[in-house]
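Okay, so here's the structure we're looking at.
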Amino acid sequence: MQESIKPPVEVRYQEELEALKNTDPDAKKPDNWQMSPKAVRTFILGSEKPIEYQGNKYQIRKKYFGNDALVERCIVTLAGNRGLMLVGEPGTAKTMLSELLSAAISGNSKNTIQGTAGTTEDMIKYSWNYALLLAKGPSREALVPSPLYIGMEKGILTRFEEITRTPAEIQDSLISVLSDKVLNVPELGDDGFLFARPGFNVIGTANTRDKGVNEMSSALKRRFNFETVMPVNKVSLEKQIILNEVNMLAQESHVDMQADEDVAELLASTYHELREGVSSYGHRIDKPNAVMSTAEAVSVYYQTMLTGYYYGDGHLNVDCLVQNLIGAVSKEDKDDLEKVKGYFNTVIRDKSSKEGGLWKQYYEARKWLK
Ligand SMILES: Nc1ncnc2c1ncn2[C@@H]1O[C@H](COP(=O)(O)OP(=O)(O)OP(=O)(O)O)[C@@H](O)[C@H]1O
Ligand SMILES: [Mg+2]
């Protein structure tokens with residue numbers, strides 16, 4: 001397969017998925033699932049011991065950090081007859097989780113509807129290839145299936161990204177599909193009933209910051225089990241995510257650099273403290289309005305790494321890190337910059353005098369905040 005900038009999960013983790021699928025000891029598996037719920041859990045949360053398959057050992061990497069019980073509940077929901085709705089702040093890995101679940105359960109994370117203000121009912125149900133429609137009349141051949149249609153036909157998961165960006169009346173076309181598991185194509189007459197095969201279900205994601213753009217109707221809400229995905233709340237976990245993600249991005253872009261543990265920790269604690277509004281020394285901090293997500297921390301680090309790689313001497317530059325941090329924090333609200341300044345002048349100052357080293361460099365880089 002040709003290289004791509006971001007391969008789908010089933011390609012990125014092809015070997016892990018093959019190993020899990022073929023060594024899955026658990027016979028208790030919902031119809032049409034590629035692997036058992038236990039194996040899906042292992043794929044997302046990692047294995048303690050490497051898995052042996054065809055003479056090789058595969059260590060299954062932990063991909064989602066934070067709430068293990070949430071992952072289990074998501075898997076169980078998908079085995080039942082209600083959809084799964086992942087809601088939360090931006091950058092809390094809702095999309096990532098839905099891709100991991102789809103790749104493990106259905107072997108396909110690409111069967112996706114992208115919700116926008118312009119999403120129409122056709123995009124959710126089906127549309128027509130007009131040349132074929134005119135030539136042959138309405139037939140399955142002339143029908144252009146939507147990801148939802150494909151999910152029902154093949155018995156695989158359909159992802160619906162950013163569902164609340166879609167107007168509520170359009171979202172509601174999901175209601176009958178989710179409750180009756182049947183989609184009617186009136187143009188096809190008696191043959192126009194598509195009954196969903198086992199394995200079909202829907203994973204929706206919705207961003208709580210966009211709440212109010214388009215609410216979901218209560219009828220639709222009842223067809224989903226809601227799970228709120230929270231930001232990681234431990235600096236050590238956030239540091240681990242930054243290290244893993246940055247190293248993976250670098251490897252995939254053939255950037256020959258490794259993420260540094262101390263810098264990842266510094267960035268993780270900055271994001272954690274600004275998000276929580278309190279420092280590890282007990283200072284109260286004025287919280288910025290900007291989203292302080294782990295995903296943002298990963299991109300600030302990676303951006304700095306790329307600058308060091310292409311323009312610098314292959315080392316990570318703390319000045320550049322602070323510049324990128326400013327860019328990320330101040331993009332929504334200019335007052336946020338003042339809050340970050342305040343953070344540097346209190347928390348980072350104290351850490352600099354107590355810990356020295358990298359913290360001192362970080363404190364000195366506050367000149368870019370001017
Ligand atoms: N708990 C976590 N475990 C592992 N990675 C995480 C976690 N939280 C955030 N990340 C990182 O942040 C990224 C989150 O991006 P993702 O696009 O999945 O977020 P999202 O919740 O869908 O955001 P949005 O609402 O903006 O669409 C992941 O790819 C991963 O790098
Ligand atoms: Mg998303």
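Every chain in the structure tokens has a letter given in the order shown (A, B, ...), and although residue numbers restart at 1 in each chain, ligands are simply numbered from 1 in the order shown.
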Please check which protein, DNA or RNA residues sit within 10 Å of ligand 1, counting only C-alpha atoms and all ligand atoms, and write them as a ChimeraX atom specification.
-> /A:44-45,62-68,86-100,161-162,205-210,229-233,237-238,240-246,248-249,291,293-299
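Backbone DSSP of region 134-307 of chain A yields strand (DSSP E or B) at Leu143, Val144, Pro145, Leu157, Thr158, Arg159, Phe160, Glu161, Val182, Leu183, Asn184, Phe193, Leu194, Phe195, Asn201, Val202, Ile203, Gly204, Thr205, Ala206, Asn207, Phe224, Asn225, Phe226, Glu227, Thr228, Val229, Val278 and Arg284 of chain A.
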Output the selection as a tab-separated table (two decimals), in the first residue's frame - C-alpha atoms for each residue.
```tsv
chain	number	residue	atom	x	y	z
A	143	LEU	CA	-28.02	3.78	-5.64
A	144	VAL	CA	-25.03	5.48	-4.04
A	145	PRO	CA	-24.90	4.15	-0.49
A	157	LEU	CA	-19.77	0.18	12.48
A	158	THR	CA	-20.58	3.60	11.06
A	159	ARG	CA	-18.88	6.60	12.63
A	160	PHE	CA	-20.70	9.93	12.69
A	161	GLU	CA	-18.21	12.67	13.48
A	182	VAL	CA	-34.14	-0.90	8.90
A	183	LEU	CA	-33.76	1.69	6.15
A	184	ASN	CA	-36.48	2.09	3.57
A	193	PHE	CA	-36.04	-2.47	2.74
A	194	LEU	CA	-32.50	-2.73	3.98
A	195	PHE	CA	-32.39	-4.72	7.22
A	201	ASN	CA	-24.01	0.15	15.05
A	202	VAL	CA	-23.26	3.87	15.14
A	203	ILE	CA	-20.56	5.72	17.07
A	204	GLY	CA	-21.19	9.44	17.21
A	205	THR	CA	-18.86	12.13	18.50
A	206	ALA	CA	-19.87	15.59	19.66
A	207	ASN	CA	-17.93	18.46	21.02
A	224	PHE	CA	-27.61	6.48	22.23
A	225	ASN	CA	-25.64	5.67	25.34
A	226	PHE	CA	-23.69	8.80	26.19
A	227	GLU	CA	-20.13	8.66	27.46
A	228	THR	CA	-18.32	11.83	28.48
A	229	VAL	CA	-14.65	11.70	27.63
A	278	VAL	CA	-3.86	25.45	40.21
A	284	ARG	CA	-4.02	29.78	42.05
```
Separation of CA of Gly155 (chain A) from CA of Pro198 (chain A) in Å =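 Computed distance, CA of Pro198 (chain A) to CA of Gly155 (chain A), equals 5.2 Å.
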Surrounding residues of Glu48 (chain A) excluding itself and chain neighbours under 3 positions, 10 Å, only C-alpha atoms, as JSON, numbers by chain = {"A": [42, 45, 51, 59, 60, 61, 62]}
Using backbone DSSP assignments, extract all helix (DSSP H, G or I) residues from region 120-325 of chain A; output them as a PyMOL selection string.
-> chain A and resi 121-124+130-136+147-154+163-165+168-171+174-180+186-192+208-210+218-221+235-252+261-276+294-310+318-325
Between A:Lys239, A:Lys360, A:Lys354, A:His283, which has the minimum distance to Gly342 (chain A) (counting only C-alpha atoms)?
-> A:His283
